[in-house]
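Below is the file protein.txt, which contains compact mmCIF, C-alpha atoms.
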# COMPACT_ATOMS: atom_id res chain seq x y z
CA ALA T 1268 -2.07 -30.55 -107.06
CA HIS T 1269 -1.29 -29.89 -110.74
CA LEU T 1270 0.96 -26.97 -109.75
CA GLN T 1271 2.74 -28.99 -107.09
CA ALA T 1272 3.44 -31.93 -109.39
CA PRO T 1273 6.28 -30.15 -111.27
CA GLY T 1274 7.63 -28.76 -107.99
CA LEU T 1275 6.07 -25.28 -108.04
CA LYS T 1276 5.62 -23.63 -104.64
CA THR T 1277 2.35 -21.92 -105.59
CA GLN T 1278 -0.21 -21.79 -102.80
CA LEU T 1279 -3.73 -20.37 -102.66
CA LEU T 1280 -5.02 -17.34 -100.76
CA LEU T 1281 -8.25 -18.23 -98.99
CA GLY T 1282 -10.98 -15.63 -98.81
CA ASP T 1283 -9.65 -12.22 -99.89
CA ALA T 1284 -13.18 -11.08 -99.06
CA ALA T 1285 -14.15 -7.47 -99.82
CA ASN T 1286 -15.03 -6.57 -96.20
CA PRO T 1287 -14.81 -8.11 -92.71
CA ARG T 1288 -18.54 -8.13 -91.93
CA ASP T 1289 -19.44 -11.82 -91.48
CA SER T 1290 -17.66 -12.59 -94.75
CA ARG T 1291 -15.71 -15.34 -92.98
CA LEU T 1292 -18.75 -17.55 -93.77
CA TYR T 1293 -17.50 -17.52 -97.37
CA VAL T 1294 -14.33 -19.41 -96.42
CA LEU T 1295 -15.81 -21.99 -94.05
CA PRO T 1296 -16.59 -24.71 -96.64
CA THR T 1297 -12.98 -24.69 -97.80
CA ALA T 1298 -11.70 -24.42 -94.23
CA ALA T 1299 -13.64 -27.57 -93.35
CA ASP T 1300 -12.14 -29.54 -96.25
CA PRO T 1301 -8.67 -30.92 -95.30
CA GLU T 1302 -7.88 -31.81 -98.92
CA ALA T 1303 -8.55 -28.22 -100.01
CA THR T 1304 -6.77 -26.53 -97.10
CA ALA T 1305 -3.60 -28.46 -97.94
CA TYR T 1306 -3.14 -25.97 -100.78
CA VAL T 1307 -3.94 -22.84 -98.72
CA GLY T 1308 -0.95 -20.68 -97.83
CA ALA T 1309 -2.75 -17.85 -96.04
CA ILE T 1310 -6.15 -16.33 -95.27
CA SER T 1311 -7.10 -12.79 -96.28
CA PHE T 1312 -9.85 -10.21 -96.03
CA HIS T 1313 -10.18 -6.52 -96.85
CA SER T 1314 -11.13 -4.09 -94.09
CA TRP T 1315 -13.22 -1.61 -96.11
CA GLY T 1316 -16.12 -0.23 -94.12
CA ASN T 1317 -14.84 -1.59 -90.80
CA GLY T 1318 -16.34 -4.35 -88.71
CA THR T 1319 -17.31 -5.02 -85.13
CA PRO T 1320 -14.81 -6.48 -82.66
CA ALA T 1321 -16.69 -9.80 -82.85
CA GLN T 1322 -16.47 -9.83 -86.66
CA TYR T 1323 -12.75 -9.09 -86.53
CA ARG T 1324 -12.16 -11.80 -83.92
CA ALA T 1325 -14.05 -14.32 -86.04
CA TRP T 1326 -11.47 -13.95 -88.82
CA GLY T 1327 -8.68 -14.44 -86.30
CA ASP T 1328 -10.42 -17.56 -85.02
CA VAL T 1329 -10.53 -19.07 -88.53
CA ALA T 1330 -6.79 -18.43 -88.92
CA ASP T 1331 -6.11 -20.03 -85.53
CA TRP T 1332 -8.26 -23.02 -86.48
CA LEU T 1333 -6.35 -23.59 -89.72
CA GLN T 1334 -2.98 -22.54 -88.30
CA LYS T 1335 -2.44 -20.28 -91.32
CA PRO T 1336 -1.21 -16.66 -91.50
CA LEU T 1337 -3.96 -14.04 -91.56
CA LEU T 1338 -3.47 -11.06 -93.88
CA VAL T 1339 -5.52 -7.88 -94.16
CA GLY T 1340 -5.10 -7.80 -97.94
CA GLU T 1341 -6.47 -4.27 -98.31
CA ALA T 1342 -6.42 -2.13 -95.19
CA GLY T 1343 -8.67 0.86 -95.82
CA VAL T 1344 -11.63 2.78 -94.44
CA ASP T 1345 -13.71 4.04 -97.37
CA PRO T 1346 -13.58 2.20 -100.73
CA GLY T 1347 -15.09 5.22 -102.49
CA ALA T 1348 -12.80 7.90 -101.06
CA TRP T 1349 -10.75 8.07 -104.26
CA ARG T 1350 -13.72 9.55 -106.13
CA ASN T 1351 -13.71 12.90 -104.30
CA ARG T 1352 -10.33 12.71 -102.52
CA ALA T 1353 -12.07 12.38 -99.17
CA PHE T 1354 -8.95 10.51 -98.08
CA ASP T 1355 -6.87 13.68 -98.31
CA SER T 1356 -7.34 14.86 -94.74
CA TYR T 1357 -5.88 14.28 -91.30
CA ALA T 1358 -9.32 13.22 -90.04
CA TYR T 1359 -9.36 10.37 -92.58
CA GLY T 1360 -5.87 9.39 -91.42
CA LEU T 1361 -7.09 9.16 -87.83
CA ARG T 1362 -9.89 6.86 -89.00
CA GLU T 1363 -7.31 4.66 -90.71
CA ALA T 1364 -5.04 4.58 -87.66
CA GLN T 1365 -7.99 3.72 -85.43
CA GLN T 1366 -8.98 0.88 -87.73
CA TYR T 1367 -5.43 -0.49 -87.72
CA GLN T 1368 -5.31 -0.42 -83.93
CA GLU T 1369 -8.65 -2.24 -83.77
CA LEU T 1370 -7.50 -4.82 -86.33
CA LEU T 1371 -4.26 -5.44 -84.42
CA ARG T 1372 -6.20 -5.84 -81.18
CA ASP T 1373 -9.04 -8.03 -82.37
CA THR T 1374 -7.99 -9.80 -85.57
CA ARG T 1375 -4.35 -10.60 -84.73
CA PRO T 1376 -3.15 -10.40 -88.36
CA GLN T 1377 0.35 -11.24 -89.48
CA SER T 1378 0.30 -8.37 -91.97
CA LEU T 1379 -1.70 -5.21 -92.70
CA LEU T 1380 -1.32 -4.07 -96.32
CA PHE T 1381 -2.11 -0.39 -96.73
CA TRP T 1382 -4.29 0.39 -99.78
CA GLU T 1383 -2.76 2.07 -101.67
CA TYR T 1384 0.42 4.05 -102.26
CA THR T 1385 -0.64 5.42 -105.65
CA GLU T 1386 -2.38 8.79 -106.03
CA ASP T 1387 -5.79 7.09 -105.66
CA TYR T 1388 -5.18 7.06 -101.90
CA GLY T 1389 -1.91 9.00 -101.89
CA LEU T 1390 -0.16 9.79 -98.63
CA VAL T 1391 1.50 12.81 -100.23
CA ARG T 1392 0.33 15.74 -102.32
CA VAL T 1393 2.01 16.46 -105.64
CA ARG T 1394 2.88 20.12 -106.13
CA GLU T 1395 2.79 21.89 -109.48
CA ASP T 1396 6.55 21.41 -109.89
CA ARG T 1397 6.03 17.63 -109.30
CA SER T 1398 7.74 17.72 -105.92
CA ILE T 1399 5.85 16.01 -103.12
CA GLU T 1400 4.45 17.23 -99.82
CA PRO T 1401 3.91 14.62 -97.08
CA THR T 1402 0.49 14.78 -95.40
CA GLY T 1403 -0.52 14.01 -91.84
CA ARG T 1404 -1.66 10.59 -93.08
CA PHE T 1405 1.87 9.92 -94.34
CA TYR T 1406 3.26 10.32 -90.83
CA LEU T 1407 0.48 8.30 -89.20
CA ILE T 1408 1.21 5.37 -91.50
CA LYS T 1409 4.96 5.88 -90.96
CA HIS T 1410 4.48 5.21 -87.24
CA PHE T 1411 3.23 1.71 -88.05
CA ALA T 1412 5.53 1.01 -91.01
CA ASN T 1413 8.84 2.39 -89.76
CA LEU T 1414 8.68 1.89 -86.00
CA THR T 1415 7.13 -1.58 -85.68
CA PRO T 1416 10.01 -4.10 -85.73
CA LEU T 1417 9.94 -6.50 -88.67
CA HIS T 1418 8.92 -10.05 -87.65
CA SER T 1419 8.13 -8.87 -84.12
CA ARG T 1420 5.53 -10.44 -81.89
CA ALA T 1421 2.46 -8.66 -80.64
CA VAL T 1422 2.23 -8.00 -76.92
CA GLU T 1423 -1.24 -8.08 -75.37
CA SER T 1424 -2.33 -4.56 -74.50
CA SER T 1425 -5.54 -2.73 -73.70
CA SER T 1426 -6.95 0.67 -72.80
CA ASP T 1427 -9.76 1.66 -70.44
CA GLN T 1428 -10.65 4.65 -72.66
CA SER T 1429 -12.60 4.03 -75.88
CA ASP T 1430 -10.89 6.89 -77.72
CA VAL T 1431 -7.37 5.78 -76.75
CA LEU T 1432 -6.16 2.66 -78.55
CA VAL T 1433 -2.92 0.84 -77.84
CA SER T 1434 -0.84 -1.79 -79.62
CA ALA T 1435 2.57 -3.10 -78.57
CA PHE T 1436 5.30 -5.21 -80.16
CA ALA T 1437 8.51 -6.86 -79.02
CA LYS T 1438 11.52 -8.28 -80.81
CA ASP T 1439 14.51 -9.44 -78.78
CA ALA T 1440 15.25 -6.47 -76.49
CA SER T 1441 13.27 -3.97 -78.59
CA LEU T 1442 9.85 -2.80 -77.41
CA VAL T 1443 7.43 -0.54 -79.30
CA VAL T 1444 4.15 0.89 -78.00
CA HIS T 1445 1.75 2.73 -80.32
CA VAL T 1446 -0.77 4.98 -78.52
CA LEU T 1447 -3.51 6.59 -80.63
CA ASN T 1448 -5.58 9.33 -78.99
CA THR T 1449 -8.57 10.29 -81.15
CA GLY T 1450 -10.04 12.57 -78.47
CA PRO T 1451 -8.95 15.62 -76.45
CA ALA T 1452 -5.57 16.15 -74.82
CA ARG T 1453 -5.04 14.10 -71.68
CA ASP T 1454 -2.48 12.34 -69.52
CA ALA T 1455 -2.16 8.57 -69.84
CA LEU T 1456 -0.82 6.20 -67.23
CA LEU T 1457 0.98 3.30 -68.92
CA GLN T 1458 1.44 0.22 -66.78
CA GLY T 1459 3.82 -2.65 -67.42
CA LEU T 1460 6.56 -0.69 -69.19
CA PRO T 1461 10.21 -0.98 -68.16
CA ALA T 1462 11.50 2.14 -66.46
CA GLY T 1463 14.08 4.22 -68.26
CA ARG T 1464 14.54 6.40 -71.32
CA TRP T 1465 12.33 5.82 -74.37
CA ARG T 1466 12.49 7.34 -77.83
CA GLN T 1467 9.22 9.20 -78.42
CA VAL T 1468 7.68 10.05 -81.79
CA VAL T 1469 4.50 12.18 -81.90
CA THR T 1470 2.29 13.17 -84.83
CA THR T 1471 -0.51 15.72 -84.58
CA GLU T 1472 -2.51 17.55 -87.21
CA ASN T 1473 -0.07 20.47 -87.07
CA SER T 1474 3.20 18.61 -86.55
CA GLY T 1475 4.24 15.36 -88.19
CA TRP T 1476 6.85 13.02 -86.73
CA LYS T 1477 8.21 15.09 -83.86
CA GLU T 1478 10.97 13.16 -82.06
CA SER T 1479 12.07 13.51 -78.44
CA THR T 1480 12.85 11.32 -75.43
CA TRP T 1481 10.59 10.37 -72.55
CA GLU T 1482 11.83 9.17 -69.19
CA HIS T 1483 9.47 6.57 -67.79
CA THR T 1484 9.19 6.01 -64.07
CA PRO T 1485 6.40 4.08 -62.32
CA GLY T 1486 3.36 6.33 -61.89
CA ARG T 1487 4.55 9.03 -64.29
CA ALA T 1488 1.88 10.05 -66.80
CA LEU T 1489 2.49 10.30 -70.54
CA PRO T 1490 1.00 13.51 -72.02
CA LEU T 1491 -1.11 12.82 -75.11
CA ALA T 1492 -1.89 15.70 -77.43
CA ALA T 1493 -5.39 16.00 -78.85
CA ARG T 1494 -6.02 13.81 -81.91
CA SER T 1495 -2.47 12.48 -81.87
CA PHE T 1496 -0.39 9.37 -82.42
CA THR T 1497 2.44 8.70 -79.98
CA THR T 1498 4.94 5.86 -80.35
CA LEU T 1499 7.41 4.87 -77.66
CA VAL T 1500 10.48 2.87 -78.69
CA ARG T 1501 12.90 1.07 -76.34
CA GLU T 1502 15.92 -0.56 -78.00
Could you take the file, read its structure, and then write that structure out as structure tokens?
Amino acid sequence: AHLQAPGLKTQLLLGDAANPRDSRLYVLPTAADPEATAYVGAISFHSWGNGTPAQYRAWGDVADWLQKPLLVGEAGVDPGAWRNRAFDSYAYGLREAQQYQELLRDTRPQSLLFWEYTEDYGLVRVREDRSIEPTGRFYLIKHFANLTPLHSRAVESSSDQSDVLVSAFAKDASLVVHVLNTGPARDALLQGLPAGRWRQVVTTENSGWKESTWEHTPGRALPLAARSFTTLVRE
């Protein structure tokens, strides 16, 4: 109230809890106080250590209850990975991508903030001459950051395979489908997509950001490479 009196637009971030595991209980007293929630601009939690689908959904339910944006203020897998550079591997990147797909599916956040772009969790390696070398993690994050339309809406999607995770987004006529395969190579049958030509971007451990086109017709399978991320874009 003191900040609003002179006309400042400052609002408070509710929660910003260190992990998603039942930490929503921390925000409930404030959430139940209408006078306090009047000053809340958004709700936040960090995803370190992962959570169960029910724990993720609980955070989304609080945001729906308060009608406030939900932010994953620090999206990350292992809060101690900076100590021994355990983050510097494609396997760690797959864990991150899997977590993001699970968060998008279960938590319904308005924003996922990757932690962090400095060398502590760097997506590139710095060579001796100070030039940079993108890693597989760089390209995995690029799928989310560069191909998901800004201010798009999430489209409900699901997979009947536990090691294949899907998220989809739409904005005007643009459609984007992210398909993460953490298991062996396989063919996937995607239902509900418009027929026609799609831009296809694929990242594997040995090849980052490989672009091509894919012609979708009803009943045609989409090949998924082992431990890969495939994004389909229709504009």
Can you write out as a tab-separated table which residues of range 1340-1398 of chain T fall within 8 Å of range 1310-1323 of chain T, alongside each residue's closest atom pair and its distance in Å to one decimal, counting all atoms listed in the file and ordering rows by chain and ascending residue number?
residue	atom	partner	partner_atom	distance
T:Gly1340	CA	T:His1313	CA	5.4
T:Glu1341	CA	T:His1313	CA	4.6
T:Ala1342	CA	T:Ser1314	CA	5.2
T:Gly1343	CA	T:Trp1315	CA	5.2
T:Val1344	CA	T:Trp1315	CA	5.0
T:Asp1345	CA	T:Trp1315	CA	5.8
T:Pro1346	CA	T:Trp1315	CA	6.0
T:Gln1366	CA	T:Asn1317	CA	7.1
T:Glu1369	CA	T:Pro1320	CA	7.6
T:Leu1370	CA	T:Tyr1323	CA	6.8
T:Asp1373	CA	T:Tyr1323	CA	5.7
T:Thr1374	CA	T:Tyr1323	CA	4.9
Neighbour list for Glu1502 in chain T as number ranges by chain, cut-off 8 Å, only C-alpha atoms, skip fewer than 6 positions in-chain:
T: 1440-1442
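Our summary of the geometry notes that CA of Ala1303 in chain T is positioned 12.9 Å from CA of Gly1282 in chain T.
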Around the point (-8.5, -20.2, -88.8) (coordinates from the file), which residues reach within 12 Å if we count all atoms listed in the file? Answer as a short mmCIF file (atom, residue, chain, number, x, y, z; two decimals) with C-alpha atoms, keeping the file's coordinate frame.
data_model
loop_
_atom_site.label_atom_id
_atom_site.label_comp_id
_atom_site.auth_asym_id
_atom_site.auth_seq_id
_atom_site.Cartn_x
_atom_site.Cartn_y
_atom_site.Cartn_z
CA LEU T 1281 -8.25 -18.23 -98.99
CA GLY T 1282 -10.98 -15.63 -98.81
CA ARG T 1291 -15.71 -15.34 -92.98
CA LEU T 1292 -18.75 -17.55 -93.77
CA VAL T 1294 -14.33 -19.41 -96.42
CA LEU T 1295 -15.81 -21.99 -94.05
CA THR T 1297 -12.98 -24.69 -97.80
CA ALA T 1298 -11.70 -24.42 -94.23
CA ALA T 1299 -13.64 -27.57 -93.35
CA THR T 1304 -6.77 -26.53 -97.10
CA VAL T 1307 -3.94 -22.84 -98.72
CA GLY T 1308 -0.95 -20.68 -97.83
CA ALA T 1309 -2.75 -17.85 -96.04
CA ILE T 1310 -6.15 -16.33 -95.27
CA SER T 1311 -7.10 -12.79 -96.28
CA ARG T 1324 -12.16 -11.80 -83.92
CA ALA T 1325 -14.05 -14.32 -86.04
CA TRP T 1326 -11.47 -13.95 -88.82
CA GLY T 1327 -8.68 -14.44 -86.30
CA ASP T 1328 -10.42 -17.56 -85.02
CA VAL T 1329 -10.53 -19.07 -88.53
CA ALA T 1330 -6.79 -18.43 -88.92
CA ASP T 1331 -6.11 -20.03 -85.53
CA TRP T 1332 -8.26 -23.02 -86.48
CA LEU T 1333 -6.35 -23.59 -89.72
CA GLN T 1334 -2.98 -22.54 -88.30
CA LYS T 1335 -2.44 -20.28 -91.32
CA PRO T 1336 -1.21 -16.66 -91.50
CA LEU T 1337 -3.96 -14.04 -91.56
CA LEU T 1338 -3.47 -11.06 -93.88
CA THR T 1374 -7.99 -9.80 -85.57
CA ARG T 1375 -4.35 -10.60 -84.73
CA PRO T 1376 -3.15 -10.40 -88.36
#
Could you jot down the CA of Trp1349 in chain T to CA of Glu1472 in chain T separation for me, Å, one decimal place?
21.2 Å
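With all atoms listed in the file as the atoms that count, the minimum distance from His1410 in chain T to the choices T:Thr1449, T:Thr1497, T:Asn1351, T:Thr1471 is reached by T:Thr1497.
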Pick the closest to Ile1399 in chain T from T:Glu1386, T:Arg1453, T:Gly1463, T:Lys1477: which is it, counting all atoms listed in the file?
T:Glu1386
Which of these, T:Leu1456, T:Leu1361, T:Val1443, T:Ala1488, has the shortest distance to Ala1421 in chain T once you count all atoms listed in the file?
T:Val1443
Need the shell around Val1500 in chain T: protein/DNA/RNA residues with any atom at most 12 Å away, counting only C-alpha atoms. Skip same-chain ones fewer than 2 positions apart. Format as a count of residues only?
35
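Taking all atoms listed in the file into account, Ser1356 in chain T lies nearest to T:Arg1404 out of the set T:Lys1409, T:Arg1392, T:Arg1404, T:Arg1487.
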Give me the residues near range 1489-1491 of chain T as a list of chain:residue names, where near means some atom within 6 Å (using only C-alpha atoms) and where sequence neighbours in that chain fewer than 2 positions away do not count.
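The neighbour list is T:Ala1452, T:Arg1453, T:Asp1454, T:Ala1455.
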Atoms are missing here; could range 1403-1428 of chain T be completed with N, CA, C and O atoms and written as an mmCIF file, in the coordinates of the input?
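selection-v1.cif written:
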data_model
loop_
_atom_site.group_PDB
_atom_site.id
_atom_site.type_symbol
_atom_site.label_atom_id
_atom_site.label_comp_id
_atom_site.auth_asym_id
_atom_site.auth_seq_id
_atom_site.Cartn_x
_atom_site.Cartn_y
_atom_site.Cartn_z
ATOM 1 N N GLY T 1403 -0.420 14.599 -93.166
ATOM 2 C CA GLY T 1403 -0.520 14.010 -91.840
ATOM 3 C C GLY T 1403 -0.712 12.508 -91.911
ATOM 4 O O GLY T 1403 -0.186 11.755 -91.078
ATOM 5 N N ARG T 1404 -1.449 12.035 -92.907
ATOM 6 C CA ARG T 1404 -1.660 10.590 -93.080
ATOM 7 C C ARG T 1404 -0.331 9.875 -93.342
ATOM 8 O O ARG T 1404 -0.146 8.741 -92.903
ATOM 9 N N PHE T 1405 0.554 10.511 -94.072
ATOM 10 C CA PHE T 1405 1.870 9.920 -94.340
ATOM 11 C C PHE T 1405 2.566 9.582 -93.020
ATOM 12 O O PHE T 1405 3.095 8.484 -92.839
ATOM 13 N N TYR T 1406 2.556 10.540 -92.086
ATOM 14 C CA TYR T 1406 3.260 10.320 -90.830
ATOM 15 C C TYR T 1406 2.540 9.304 -89.942
ATOM 16 O O TYR T 1406 3.187 8.521 -89.231
ATOM 17 N N LEU T 1407 1.219 9.293 -89.986
ATOM 18 C CA LEU T 1407 0.480 8.300 -89.200
ATOM 19 C C LEU T 1407 0.812 6.889 -89.661
ATOM 20 O O LEU T 1407 1.049 5.990 -88.841
ATOM 21 N N ILE T 1408 0.841 6.677 -90.979
ATOM 22 C CA ILE T 1408 1.210 5.370 -91.500
ATOM 23 C C ILE T 1408 2.672 5.054 -91.199
ATOM 24 O O ILE T 1408 3.041 3.907 -90.910
ATOM 25 N N LYS T 1409 3.522 6.079 -91.228
ATOM 26 C CA LYS T 1409 4.960 5.880 -90.960
ATOM 27 C C LYS T 1409 5.192 5.340 -89.554
ATOM 28 O O LYS T 1409 6.124 4.567 -89.321
ATOM 29 N N HIS T 1410 4.356 5.748 -88.596
ATOM 30 C CA HIS T 1410 4.480 5.210 -87.240
ATOM 31 C C HIS T 1410 4.406 3.679 -87.273
ATOM 32 O O HIS T 1410 5.235 2.990 -86.665
ATOM 33 N N PHE T 1411 3.390 3.164 -87.971
ATOM 34 C CA PHE T 1411 3.230 1.710 -88.050
ATOM 35 C C PHE T 1411 4.352 1.072 -88.874
ATOM 36 O O PHE T 1411 4.949 0.066 -88.473
ATOM 37 N N ALA T 1412 4.634 1.660 -90.049
ATOM 38 C CA ALA T 1412 5.530 1.010 -91.010
ATOM 39 C C ALA T 1412 6.994 1.083 -90.600
ATOM 40 O O ALA T 1412 7.744 0.115 -90.790
ATOM 41 N N ASN T 1413 7.424 2.191 -90.032
ATOM 42 C CA ASN T 1413 8.840 2.390 -89.760
ATOM 43 C C ASN T 1413 9.253 2.058 -88.330
ATOM 44 O O ASN T 1413 10.429 1.800 -88.081
ATOM 45 N N LEU T 1414 8.311 2.079 -87.402
ATOM 46 C CA LEU T 1414 8.680 1.890 -86.000
ATOM 47 C C LEU T 1414 8.341 0.501 -85.465
ATOM 48 O O LEU T 1414 8.899 0.078 -84.451
ATOM 49 N N THR T 1415 7.437 -0.212 -86.114
ATOM 50 C CA THR T 1415 7.130 -1.580 -85.680
ATOM 51 C C THR T 1415 8.234 -2.508 -86.170
ATOM 52 O O THR T 1415 8.487 -2.582 -87.372
ATOM 53 N N PRO T 1416 8.916 -3.238 -85.290
ATOM 54 C CA PRO T 1416 10.010 -4.100 -85.730
ATOM 55 C C PRO T 1416 9.523 -5.196 -86.674
ATOM 56 O O PRO T 1416 8.463 -5.796 -86.456
ATOM 57 N N LEU T 1417 10.281 -5.445 -87.723
ATOM 58 C CA LEU T 1417 9.940 -6.500 -88.670
ATOM 59 C C LEU T 1417 9.995 -7.859 -87.964
ATOM 60 O O LEU T 1417 10.917 -8.136 -87.195
ATOM 61 N N HIS T 1418 8.991 -8.696 -88.232
ATOM 62 C CA HIS T 1418 8.920 -10.050 -87.650
ATOM 63 C C HIS T 1418 8.878 -10.010 -86.117
ATOM 64 O O HIS T 1418 9.382 -10.906 -85.452
ATOM 65 N N SER T 1419 8.288 -8.950 -85.576
ATOM 66 C CA SER T 1419 8.130 -8.870 -84.120
ATOM 67 C C SER T 1419 6.895 -9.640 -83.698
ATOM 68 O O SER T 1419 6.098 -10.089 -84.530
ATOM 69 N N ARG T 1420 6.720 -9.785 -82.413
ATOM 70 C CA ARG T 1420 5.530 -10.440 -81.890
ATOM 71 C C ARG T 1420 4.667 -9.413 -81.174
ATOM 72 O O ARG T 1420 5.176 -8.485 -80.538
ATOM 73 N N ALA T 1421 3.376 -9.580 -81.298
ATOM 74 C CA ALA T 1421 2.460 -8.660 -80.640
ATOM 75 C C ALA T 1421 2.405 -8.951 -79.143
ATOM 76 O O ALA T 1421 2.435 -10.111 -78.726
ATOM 77 N N VAL T 1422 2.354 -7.895 -78.370
ATOM 78 C CA VAL T 1422 2.230 -8.000 -76.920
ATOM 79 C C VAL T 1422 0.815 -7.593 -76.539
ATOM 80 O O VAL T 1422 0.328 -6.547 -76.989
ATOM 81 N N GLU T 1423 0.143 -8.399 -75.745
ATOM 82 C CA GLU T 1423 -1.240 -8.080 -75.370
ATOM 83 C C GLU T 1423 -1.297 -6.746 -74.646
ATOM 84 O O GLU T 1423 -0.514 -6.496 -73.715
ATOM 85 N N SER T 1424 -2.191 -5.887 -75.086
ATOM 86 C CA SER T 1424 -2.330 -4.560 -74.500
ATOM 87 C C SER T 1424 -3.787 -4.131 -74.571
ATOM 88 O O SER T 1424 -4.555 -4.621 -75.398
ATOM 89 N N SER T 1425 -4.161 -3.199 -73.717
ATOM 90 C CA SER T 1425 -5.540 -2.730 -73.700
ATOM 91 C C SER T 1425 -5.590 -1.326 -73.113
ATOM 92 O O SER T 1425 -4.624 -0.848 -72.507
ATOM 93 N N SER T 1426 -6.731 -0.676 -73.317
ATOM 94 C CA SER T 1426 -6.950 0.670 -72.800
ATOM 95 C C SER T 1426 -8.330 0.735 -72.159
ATOM 96 O O SER T 1426 -9.275 0.101 -72.636
ATOM 97 N N ASP T 1427 -8.442 1.516 -71.077
ATOM 98 C CA ASP T 1427 -9.760 1.660 -70.440
ATOM 99 C C ASP T 1427 -10.500 2.886 -70.965
ATOM 100 O O ASP T 1427 -11.542 3.260 -70.426
ATOM 101 N N GLN T 1428 -9.984 3.513 -72.030
ATOM 102 C CA GLN T 1428 -10.650 4.650 -72.660
ATOM 103 C C GLN T 1428 -10.950 4.293 -74.117
ATOM 104 O O GLN T 1428 -10.045 3.899 -74.863
#
